[in-house]
Amino acid sequence: MALLRTGLVLAGGYAERLKRVFFAQVKDSVKRGELKKEEAVRSVVELNKALYKIIVEELKVDKGDVVRISLEYEIKDGTVHWKMDSLSVEVWPRCPPPKVYKSTEKGGEAIISEEGKAQGVQGGHT
């Protein structure tokens, strides 16, 4: 049983990362003839469609959020069998930018307006 793990990736790029990691893992199986290249492509497309439904439609994850996906699979009789009961999708939502920034000059605080422009800081370092 092999484990496919994307690592931390922006949700908008999970499909590409998943594809690259999977192809890197099955490269030797393809060379040995245990798995055809077309089957590898078909299976990862199938998985990405299922993950899209979960990540985008069900969990409503934003493109800027960070996700980590892991899933076990095995190659048997020339096909990839995804173990969907082992699927793990971890999500870290993007935090909004802070409203207050500290200024090193003047020893005080620079208050950030709603437009994001600093007020009361001239030439200060942030």
# chains A, B, ... in the order shown; residues from 1 in each chain; ligands from 1
call {"tool": "residues_around", "arguments": {"residues": "Gly33 of chain A", "least_positions_apart": "5", "cutoff": "12 Å", "atoms": "only C-alpha atoms", "output": "list in words"}}
result
Val26, Lys27, Asp28, Glu38, Glu39, Ala40, Ile75, Lys76, Asp77, Gly78 and Thr79 of chain A
call {"tool": "write_last_selection", "arguments": {"atoms": "N, CA and C atoms", "output": "PDB file, in the first residue's frame"}}
result
ATOM      1  N   VAL A  26       4.629   6.746  -9.159  1.00  0.00           N
ATOM      2  CA  VAL A  26       4.362   5.568  -9.997  1.00  0.00           C
ATOM      3  C   VAL A  26       5.301   5.461 -11.199  1.00  0.00           C
ATOM      4  N   LYS A  27       6.270   6.351 -11.280  1.00  0.00           N
ATOM      5  CA  LYS A  27       7.202   6.358 -12.412  1.00  0.00           C
ATOM      6  C   LYS A  27       7.857   4.989 -12.621  1.00  0.00           C
ATOM      7  N   ASP A  28       8.333   4.377 -11.549  1.00  0.00           N
ATOM      8  CA  ASP A  28       8.986   3.073 -11.669  1.00  0.00           C
ATOM      9  C   ASP A  28       8.006   1.971 -12.042  1.00  0.00           C
ATOM     10  N   GLU A  38      -1.385   5.619 -19.541  1.00  0.00           N
ATOM     11  CA  GLU A  38      -2.766   6.076 -19.747  1.00  0.00           C
ATOM     12  C   GLU A  38      -3.627   5.796 -18.513  1.00  0.00           C
ATOM     13  N   GLU A  39      -3.393   4.642 -17.881  1.00  0.00           N
ATOM     14  CA  GLU A  39      -4.146   4.297 -16.668  1.00  0.00           C
ATOM     15  C   GLU A  39      -3.774   5.220 -15.516  1.00  0.00           C
ATOM     16  N   ALA A  40      -2.498   5.588 -15.425  1.00  0.00           N
ATOM     17  CA  ALA A  40      -2.058   6.520 -14.386  1.00  0.00           C
ATOM     18  C   ALA A  40      -2.746   7.867 -14.564  1.00  0.00           C
ATOM     19  N   ILE A  75      -1.572  -0.463  -6.588  1.00  0.00           N
ATOM     20  CA  ILE A  75      -1.625  -0.819  -7.993  1.00  0.00           C
ATOM     21  C   ILE A  75      -1.824  -2.324  -8.054  1.00  0.00           C
ATOM     22  N   LYS A  76      -2.934  -2.726  -8.667  1.00  0.00           N
ATOM     23  CA  LYS A  76      -3.286  -4.140  -8.705  1.00  0.00           C
ATOM     24  C   LYS A  76      -3.840  -4.457 -10.095  1.00  0.00           C
ATOM     25  N   ASP A  77      -3.290  -5.455 -10.723  1.00  0.00           N
ATOM     26  CA  ASP A  77      -3.735  -5.888 -12.053  1.00  0.00           C
ATOM     27  C   ASP A  77      -3.751  -4.740 -13.065  1.00  0.00           C
ATOM     28  N   GLY A  78      -2.759  -3.858 -12.990  1.00  0.00           N
ATOM     29  CA  GLY A  78      -2.628  -2.778 -13.962  1.00  0.00           C
ATOM     30  C   GLY A  78      -3.540  -1.595 -13.739  1.00  0.00           C
ATOM     31  N   THR A  79      -4.229  -1.549 -12.596  1.00  0.00           N
ATOM     32  CA  THR A  79      -5.092  -0.403 -12.298  1.00  0.00           C
ATOM     33  C   THR A  79      -4.769   0.153 -10.912  1.00  0.00           C
TER      34      THR A  79
END
call {"tool": "atom_distance", "arguments": {"atom1": "atom CA of Lys36 of chain A", "atom2": "atom CA of Val80 of chain A"}}
result
10.1 Å
call {"tool": "closest_residue", "arguments": {"among": "A:Leu8, A:Val44, A:Ala24, A:Leu51", "to": "Glu90 of chain A", "atoms": "only C-alpha atoms"}}
result
A:Leu8
call {"tool": "residues_around", "arguments": {"residues": "Leu4 of chain A", "least_positions_apart": "4", "cutoff": "7 Å", "atoms": "only C-alpha atoms", "output": "tab-separated table (two decimals) with N, CA and C atoms, in the first residue's frame"}}
result
chain	number	residue	atom	x	y	z
A	22	PHE	N	1.84	12.07	-7.61
A	22	PHE	CA	1.42	10.73	-8.00
A	22	PHE	C	2.30	10.20	-9.14
A	70	SER	N	-3.91	13.59	1.84
A	70	SER	CA	-3.21	12.31	1.87
A	70	SER	C	-4.23	11.20	1.60
A	71	LEU	N	-3.76	10.16	0.91
A	71	LEU	CA	-4.63	9.08	0.48
A	71	LEU	C	-3.79	7.85	0.15
A	72	GLU	N	-4.25	6.71	0.62
A	72	GLU	CA	-3.56	5.46	0.30
A	72	GLU	C	-4.09	4.90	-1.02
call {"tool": "closest_residue", "arguments": {"among": "A:Tyr52, A:Tyr14, A:Trp82, A:Phe23", "to": "Arg68 of chain A", "atoms": "only C-alpha atoms"}}
result
A:Tyr14
call {"tool": "atom_distance", "arguments": {"atom1": "atom CA of Leu59 of chain A", "atom2": "atom CA of Val41 of chain A"}}
result
25.5 Å
call {"tool": "closest_residue", "arguments": {"among": "A:Val66, A:Lys53, A:Glu74, A:Arg32", "to": "Trp92 of chain A", "atoms": "only C-alpha atoms"}}
result
A:Val66
call {"tool": "closest_residue", "arguments": {"among": "A:Gly13, A:Arg94, A:Lys19, A:Leu3", "to": "Arg42 of chain A", "atoms": "only C-alpha atoms"}}
result
A:Lys19
call {"tool": "residues_around", "arguments": {"residues": "Lys63 of chain A", "least_positions_apart": "4", "cutoff": "8 Å", "atoms": "only C-alpha atoms", "output": "list in words"}}
result
Leu10, Ala11, Gly12 and Gly13 of chain A
